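Single-structure report; data block below.
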Protein chains: 2
Amino acid sequence: MVNQHYQELKDSYLFSTIARKVAEFQKTADCKSRPLIRMGIGDVTRPLCPAVVSAMRQAVEEMGQEGAFRGYGPEQGYGFLRQAVQMYYAGRGIGLDTDEIFISDGAKSDIGNILELFDRDLTVLIPDPVYPVYVDTNIMDGRPIVFLEANEENGFLPLPDELGPAGLVYLCSPNNPTGAVYNREQLKQWVDYANDCGAVLLFDAAYEAFIRDPSLPRSIFEIEGARTCAIEFCSLSKTAGFTGMRCGYTVVPQELERDGGSLRKMWLRRQTTKFNGVSYVVQRGATAVFTPEGQRQTEETLDYYWENARIMTEALTAGRIPFTGGAHSPYVWLKCPGGEDSWSYFDRLLHEAHVVGTPGSGFGRNGEGFFRLTAFGTREDTREAMQRIRSL
Amino acid sequence: MVNQHYQELKDSYLFSTIARKVAEFQKTADCKSRPLIRMGIGDVTRPLCPAVVSAMRQAVEEMGQEGAFRGYGPEQGYGFLRQAVQMYYAGRGIGLDTDEIFISDGAKSDIGNILELFDRDLTVLIPDPVYPVYVDTNIMDGRPIVFLEANEENGFLPLPDELGPAGLVYLCSPNNPTGAVYNREQLKQWVDYANDCGAVLLFDAAYEAFIRDPSLPRSIFEIEGARTCAIEFCSLSKTAGFTGMRCGYTVVPQELERDGGSLRKMWLRRQTTKFNGVSYVVQRGATAVFTPEGQRQTEETLDYYWENARIMTEALTAGRIPFTGGAHSPYVWLKCPGGEDSWSYFDRLLHEAHVVGTPGSGFGRNGEGFFRLTAFGTREDTREAMQRIRSL
């Protein structure tokens, strides 16, 4: 009667396990004299920028006034926000129709829900290590998963050479958890592969705003041929501190067809049937992110995190601990010193340094022996944590 | 490669067709001298109440302040809101654990997404006429649907007598579109049926706040035995004008098990994997609905709509047009005069009275010959629309 694939899911979600371990540790340890520093879950800490707050303030007032009040909005998002996203892409030379842009309550929801459009026997390629949501959502559907080996040898950036055909391919660049970023030539290989074998690329661009090098692609749609093979998921969570606000967007190009049908039309049908759009107040806040003022203020916050990442990678370099990420990513992916395994390094860091990170093995088999730190903390915490890590 | 069941969906969603017809009409007709009155889509028009606006105002300020800012919240909703919902149920004598309450971005999302927990070959019972989302979401999964005949003979309230076993049963009371309300004895028959054959009741309580008669059940959990067979979906959309805010809640009781597993645990896993919770600002607004002040102000808005419904049913009674609903529901379901079919009555009302309603046939085969009007308009519009309808 019930979906038996749920039994194939691992018992508990990575971050729940971490939360439980931390809670247990806090009961027994003295965290007052040496406070716990959290560099684990990828949550932001800087407040929303003034432009966003001001836009939401106004939207809240509207919702309380006769005449200004708004009820149901379009399921795919208000025109004003879709146009703002359109202009954001246009600024990088990418032409999108507003009908191709779907406002979401975050990339996680859409990355999960998009699977409803596809057969359950389709083979799925997922890099390992990876954001656990890609794996779990496919296990729930019973889809066969083939892991792409991401490791030190390929700089955690697997390529399609010699791969057989597949149905769906997940790519995340800048990558969560490794912070590795594909260049144009590498993404072009994936686009060509997908167009050749008919696969659909599910491109997770949640961290695109952290790319500082203009030669690195921030969208799959910078790559020729992507409009016939790719769906892009993006989020304001990390870009503009929206983890608690819930707003993102998904781009499904008009040219993307499979089995003779438009995936854009299918997604529109899915969303109009099972979703009722994002809160008006949140959409007004999101729109402010894309104004010149919002972009300037957002940039300041990104600079703050980026400087944290610089402090982190500097400390690791000085400590001769190998890592990837940090340059164009809020994540730093380090090799556990002395060949320690990920959970034992997690425990040691928690107990001896009072620092919480994320064990690499939680992201897949290839993550074993690695560890993820995030640049989303405060400056002081970041400095202090890196000092503690170095002195371990 | 793609989910072929999407091809079995009817070409366009009911409300999109209405919107298109209205847009076409507005291009050709003089709607300036005789403005269009919309009594079709079930969208509210009264602004959010002051308690809600004030709570959101404060939450917006918090999100802009260091220290007060909040990132990711719990996927199943903040404790403060789940406790408020718990107290709301407790006020009607229903004991719920906060772990059984899941905050959603609206009943529509959860009603669609809950299906992921169930096998795709499970037989689904759906009343006809019905909210189209129940049907479309099951077509998308390819589940076999058996329609329950709701008609004038049974007062649009089908009962399980002589039904064979089924997997899932949708019940909506007060009903959308008919406005009919099940009494306790009737719901008890459904609960007994479900417990006997192992079916799960999906109880849509989105309109519970419109029930004025304390002897009528506002929750399936008022019925003995429901905790082993029912999931309840509720929404603040109609209760507190949240159609543009997006917040609701779903109750999955601990005792609800199938195939030896807990549906509550499965739903928790689904939500933590594919959802990231509702915006903090919206959750603060929703919590204010349940304060004494919020309840009083919400009641005033409900009174406003309820008086509209009274004006509507009074006019229909005077015009000798048979109807159900209106007493404990924002919907009035009338029989098209003179045996006219639903879409032709829709066209006539649009063209001759400049009033937009919803054709009953859009809700299923048994809706043919009926028409849905909603009480969510302004007082003047409601009075004017009923006058125009009567003079047709």
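Naming works like this for the structure tokens: A, B, ... for the chains as they're shown, residue 1 at the start of each chain, ligands 1 onward in shown order.
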*Could you please write out, as a VMD selection string, every residue of range 191-274 of chain B that DSSP assigns to strand (DSSP E or B)?*
chain B and resid 200 to 204 230 to 235 248 to 251 257 to 258 261 to 262
_I want to know what sits within 6 Å of Thr98 in chain B, based on only C-alpha atoms, with residues of the same chain fewer than 2 positions away left out; could you give that as a list in words?_
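Counting only the stated atoms, we get Arg82, Glu100 and Ile101 of chain B.
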For the selection you just gave me, I'd like the residues written to a file as a PDB file, in the first residue's frame, keeping N, CA and C atoms.
```pdb
ATOM      1  N   ARG B  82       3.406  25.519  15.462  1.00  0.00           N
ATOM      2  CA  ARG B  82       2.801  24.199  15.679  1.00  0.00           C
ATOM      3  C   ARG B  82       2.057  24.160  17.026  1.00  0.00           C
ATOM      4  N   GLU B 100       2.705  15.817  15.289  1.00  0.00           N
ATOM      5  CA  GLU B 100       1.710  15.366  14.313  1.00  0.00           C
ATOM      6  C   GLU B 100       1.280  16.502  13.380  1.00  0.00           C
ATOM      7  N   ILE B 101       1.742  17.716  13.694  1.00  0.00           N
ATOM      8  CA  ILE B 101       1.348  18.907  12.928  1.00  0.00           C
ATOM      9  C   ILE B 101       2.505  19.325  12.026  1.00  0.00           C
TER      10      ILE B 101
END
```
_Nearby residues (only C-alpha atoms) at most 9 Å from Ser342 in chain B, same-chain spacing under 4 positions excluded, as a PyMOL selection string_ = chain B and resi 335-336+346-347+358-362+367-371
_Using only C-alpha atoms, can you tell me which of B:Asn276, B:Thr313, B:Thr287, B:Ser173 comes closest to Arg218 in chain B?_
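Among the listed residues, the smallest separation from Arg218 in chain B belongs to B:Ser173.
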_So that I can see what lies close to Glu293 in chain A, please list as a VMD selection string the residues with an atom at most 12 Å from it, counting only C-alpha atoms and leaving out residues fewer than 4 positions away in the same chain._
chain A and resid 49 to 52 54 to 55 287 to 289 297 to 300
*Write out as JSON, numbers by chain which residues come within 10 Å of Ala385 in chain B when counting only C-alpha atoms, dropping same-chain ones fewer than 5 positions away.*
{"B": [36, 37, 38, 39, 312, 349, 353, 354, 355, 356, 377, 379, 380, 390, 391]}
*Contacts of Val332 in chain A at 10 Å or less, counting only C-alpha atoms, minus same-chain residues fewer than 4 places along, as an NGL selection string?*
:A and (176-180 or 309-310 or 312-313 or 316 or 323-328 or 371-375)
*Write down as an MDAnalysis selection string the residues belonging to range 80-268 of chain B that are assigned helix (DSSP H, G or I) by DSSP computed on the backbone.*
chainID B and resid 80:90 98:100 107:117 132:141 184:197 208:210 220:222 226:228 263:268
*asked:* What does the structure give for the distance between CA of Gln295 in chain B and CA of Ala84 in chain B, in Å to one decimal?
replied: 11.6 Å
Counting only C-alpha atoms, give me one row per residue of range 207-310 of chain B with an atom at most 10 Å from an atom of range 124-142 of chain A, showing the shortest contact pair and its distance in Å to one decimal, sorted by chain then residue number, as CSV.
```
residue,atom,partner,partner_atom,distance
B:Arg269,CA,A:Asp136,CA,9.8
B:Arg270,CA,A:Thr137,CA,8.6
B:Thr272,CA,A:Val133,CA,9.4
B:Thr273,CA,A:Val133,CA,6.0
B:Lys274,CA,A:Thr137,CA,7.4
```
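Distance-wise, CA of Arg57 in chain B and CA of Ala240 in chain A end up 19.7 Å apart.
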*Which one of A:Gly244, A:Gly112, A:Gly260, A:Gly93 sits closest to Tyr78 in chain B if you count only C-alpha atoms?*
A:Gly244
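The gap separating CA of Leu148 in chain A from CA of Asp161 in chain A is 11.0 Å, in Å to one decimal.
Residue nearest Gln86 in chain A within the list A:Thr250, A:Thr382, A:Asn366, A:Ser215: A:Thr250 [criterion: smallest interatomic distance, only C-alpha atoms].
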